[in-house]
Amino acid sequence: SLWMVVAAPRPPPRRRGPRTVAWASDFADVALLKRVAKKLAPGATVNDLYAALVAAALRTSVSRDAVACAVPVHLYGGTLPPGVAVGNHIGAVVARLPLPGRDEAAHLRQVRDGVGGALRGGSRAVVAHYAARLAGRWLPKAWVPASLRASAGGCAVALTNVRGPPVALTICGRPVKRVVPFLPPPPGVAVGAALSTVGGQATLCFNCADGTHDAYALVGAAVAHWERLRAAAGE
């Protein structure tokens, strides 16, 4: 992860402008996402396809072939084992996110092997978690914000997947109409992207910290790329 921060292509220069947040509610069925992913790139997951959509969205405002992305990973897979206290058990993995060309299926395979391979490796998140803990414990307090900002400062986007139950949610017997995921961009990162899968439906959200990107344009580009992937898979 440290090498990725040093060697990855630098993100676009930051531009002043308002924060924008936009989302596409229930833009796809989760089962359909899985089918398309596996048809175009055997072994690919919903996470891989989601990262490919984020890459396609960034392609509208980034001219490079790849960017660095930061992905928060729960060290225990989202479920605490017995004896482990509730707390911040998150590590951030930095990976190379290739941006798409003309071949959507080839791009999805690149994402599967790159970002997906980094996430499935496991050890990077553990190292990042304990490095952040050591920085918070031993560095002078005035240095901690700068060190955390520098650790992800080479990333163009942070992305996360909020997996929900495959059934509709209720609160006190009343149905939950919509669940919108939301990822505030970490310090030094211009875009936070989030995917939620609740009730068998997927919702995608972009949160742009300033005028470097426009969240509405990113959502539109991501959904348009999804339709191209769907057509390529014959779905």
# chains A, B, ... in the order shown; residues from 1 in each chain; ligands from 1
call {"tool": "residues_around", "arguments": {"residues": "segment 27-41 of chain A", "least_positions_apart": "3", "cutoff": "7 Å", "atoms": "only C-alpha atoms", "output": "list in words"}}
result
Ala24, Ala44, Thr45, Val46, Leu49, Ala105, Leu108, Arg109, Thr197, Gly200, Gln201, Ala202, Thr203, Arg230 and Ala233 of chain A
call {"tool": "write_last_selection", "arguments": {"atoms": "N, CA and C atoms", "output": "PDB file, in the first residue's frame"}}
result
ATOM      1  N   ALA A  24     -27.790   7.093  -7.407  1.00  0.00           N
ATOM      2  CA  ALA A  24     -28.735   6.384  -8.269  1.00  0.00           C
ATOM      3  C   ALA A  24     -29.349   5.275  -7.437  1.00  0.00           C
ATOM      4  N   ALA A  44     -15.128 -12.783 -11.093  1.00  0.00           N
ATOM      5  CA  ALA A  44     -15.339 -11.416 -10.625  1.00  0.00           C
ATOM      6  C   ALA A  44     -16.526 -11.359  -9.663  1.00  0.00           C
ATOM      7  N   THR A  45     -16.492 -10.403  -8.760  1.00  0.00           N
ATOM      8  CA  THR A  45     -17.540 -10.229  -7.762  1.00  0.00           C
ATOM      9  C   THR A  45     -18.280  -8.912  -7.999  1.00  0.00           C
ATOM     10  N   VAL A  46     -19.320  -8.706  -7.200  1.00  0.00           N
ATOM     11  CA  VAL A  46     -20.026  -7.422  -7.254  1.00  0.00           C
ATOM     12  C   VAL A  46     -19.072  -6.285  -6.915  1.00  0.00           C
ATOM     13  N   LEU A  49     -17.104  -5.409 -10.044  1.00  0.00           N
ATOM     14  CA  LEU A  49     -17.919  -4.673 -11.006  1.00  0.00           C
ATOM     15  C   LEU A  49     -18.172  -3.247 -10.522  1.00  0.00           C
ATOM     16  N   ALA A 105     -15.206  -5.549 -21.120  1.00  0.00           N
ATOM     17  CA  ALA A 105     -14.935  -6.830 -20.474  1.00  0.00           C
ATOM     18  C   ALA A 105     -13.469  -6.946 -20.069  1.00  0.00           C
ATOM     19  N   LEU A 108     -12.938  -4.922 -16.937  1.00  0.00           N
ATOM     20  CA  LEU A 108     -13.443  -5.592 -15.741  1.00  0.00           C
ATOM     21  C   LEU A 108     -12.475  -6.673 -15.275  1.00  0.00           C
ATOM     22  N   ARG A 109     -11.865  -7.380 -16.195  1.00  0.00           N
ATOM     23  CA  ARG A 109     -10.881  -8.397 -15.812  1.00  0.00           C
ATOM     24  C   ARG A 109      -9.657  -7.753 -15.166  1.00  0.00           C
ATOM     25  N   THR A 197     -26.274  -2.582  -0.958  1.00  0.00           N
ATOM     26  CA  THR A 197     -27.096  -3.653  -1.521  1.00  0.00           C
ATOM     27  C   THR A 197     -28.072  -4.103  -0.438  1.00  0.00           C
ATOM     28  N   GLY A 200     -31.949  -6.728  -2.086  1.00  0.00           N
ATOM     29  CA  GLY A 200     -31.681  -7.242  -3.424  1.00  0.00           C
ATOM     30  C   GLY A 200     -31.482  -6.189  -4.482  1.00  0.00           C
ATOM     31  N   GLN A 201     -31.448  -4.904  -4.087  1.00  0.00           N
ATOM     32  CA  GLN A 201     -31.260  -3.808  -5.030  1.00  0.00           C
ATOM     33  C   GLN A 201     -30.004  -3.021  -4.685  1.00  0.00           C
ATOM     34  N   ALA A 202     -29.330  -2.507  -5.711  1.00  0.00           N
ATOM     35  CA  ALA A 202     -28.080  -1.769  -5.525  1.00  0.00           C
ATOM     36  C   ALA A 202     -28.300  -0.275  -5.715  1.00  0.00           C
ATOM     37  N   THR A 203     -27.717   0.511  -4.821  1.00  0.00           N
ATOM     38  CA  THR A 203     -27.744   1.972  -4.906  1.00  0.00           C
ATOM     39  C   THR A 203     -26.315   2.485  -4.867  1.00  0.00           C
ATOM     40  N   ARG A 230     -23.952  -4.447 -19.155  1.00  0.00           N
ATOM     41  CA  ARG A 230     -25.135  -5.320 -19.217  1.00  0.00           C
ATOM     42  C   ARG A 230     -25.388  -5.783 -20.656  1.00  0.00           C
ATOM     43  N   ALA A 233     -22.888  -8.346 -21.804  1.00  0.00           N
ATOM     44  CA  ALA A 233     -23.119  -9.669 -21.236  1.00  0.00           C
ATOM     45  C   ALA A 233     -24.389 -10.331 -21.766  1.00  0.00           C
TER      46      ALA A 233
END
call {"tool": "closest_atom_pairs", "arguments": {"of": "segment 157-217 of chain A", "to": "segment 53-59 of chain A", "cutoff": "9 Å", "atoms": "only C-alpha atoms", "output": "JSON lines"}}
result
{"residue": "A:Val157", "atom": "CA", "partner": "A:Val54", "partner_atom": "CA", "distance": 8.7}
{"residue": "A:Leu159", "atom": "CA", "partner": "A:Val54", "partner_atom": "CA", "distance": 8.2}
{"residue": "A:Ala193", "atom": "CA", "partner": "A:Val54", "partner_atom": "CA", "distance": 7.4}
{"residue": "A:Phe206", "atom": "CA", "partner": "A:Val54", "partner_atom": "CA", "distance": 9.0}
{"residue": "A:His213", "atom": "CA", "partner": "A:Leu58", "partner_atom": "CA", "distance": 8.4}
{"residue": "A:Ala217", "atom": "CA", "partner": "A:Ala57", "partner_atom": "CA", "distance": 7.8}
call {"tool": "residues_around", "arguments": {"residues": "Asn47 of chain A", "least_positions_apart": "3", "cutoff": "8 Å", "atoms": "only C-alpha atoms", "output": "number ranges by chain"}}
result
A: 44, 50-51, 116, 161
call {"tool": "atom_distance", "arguments": {"atom1": "atom CA of Leu195 of chain A", "atom2": "atom CA of Arg163 of chain A"}}
result
8.0 Å
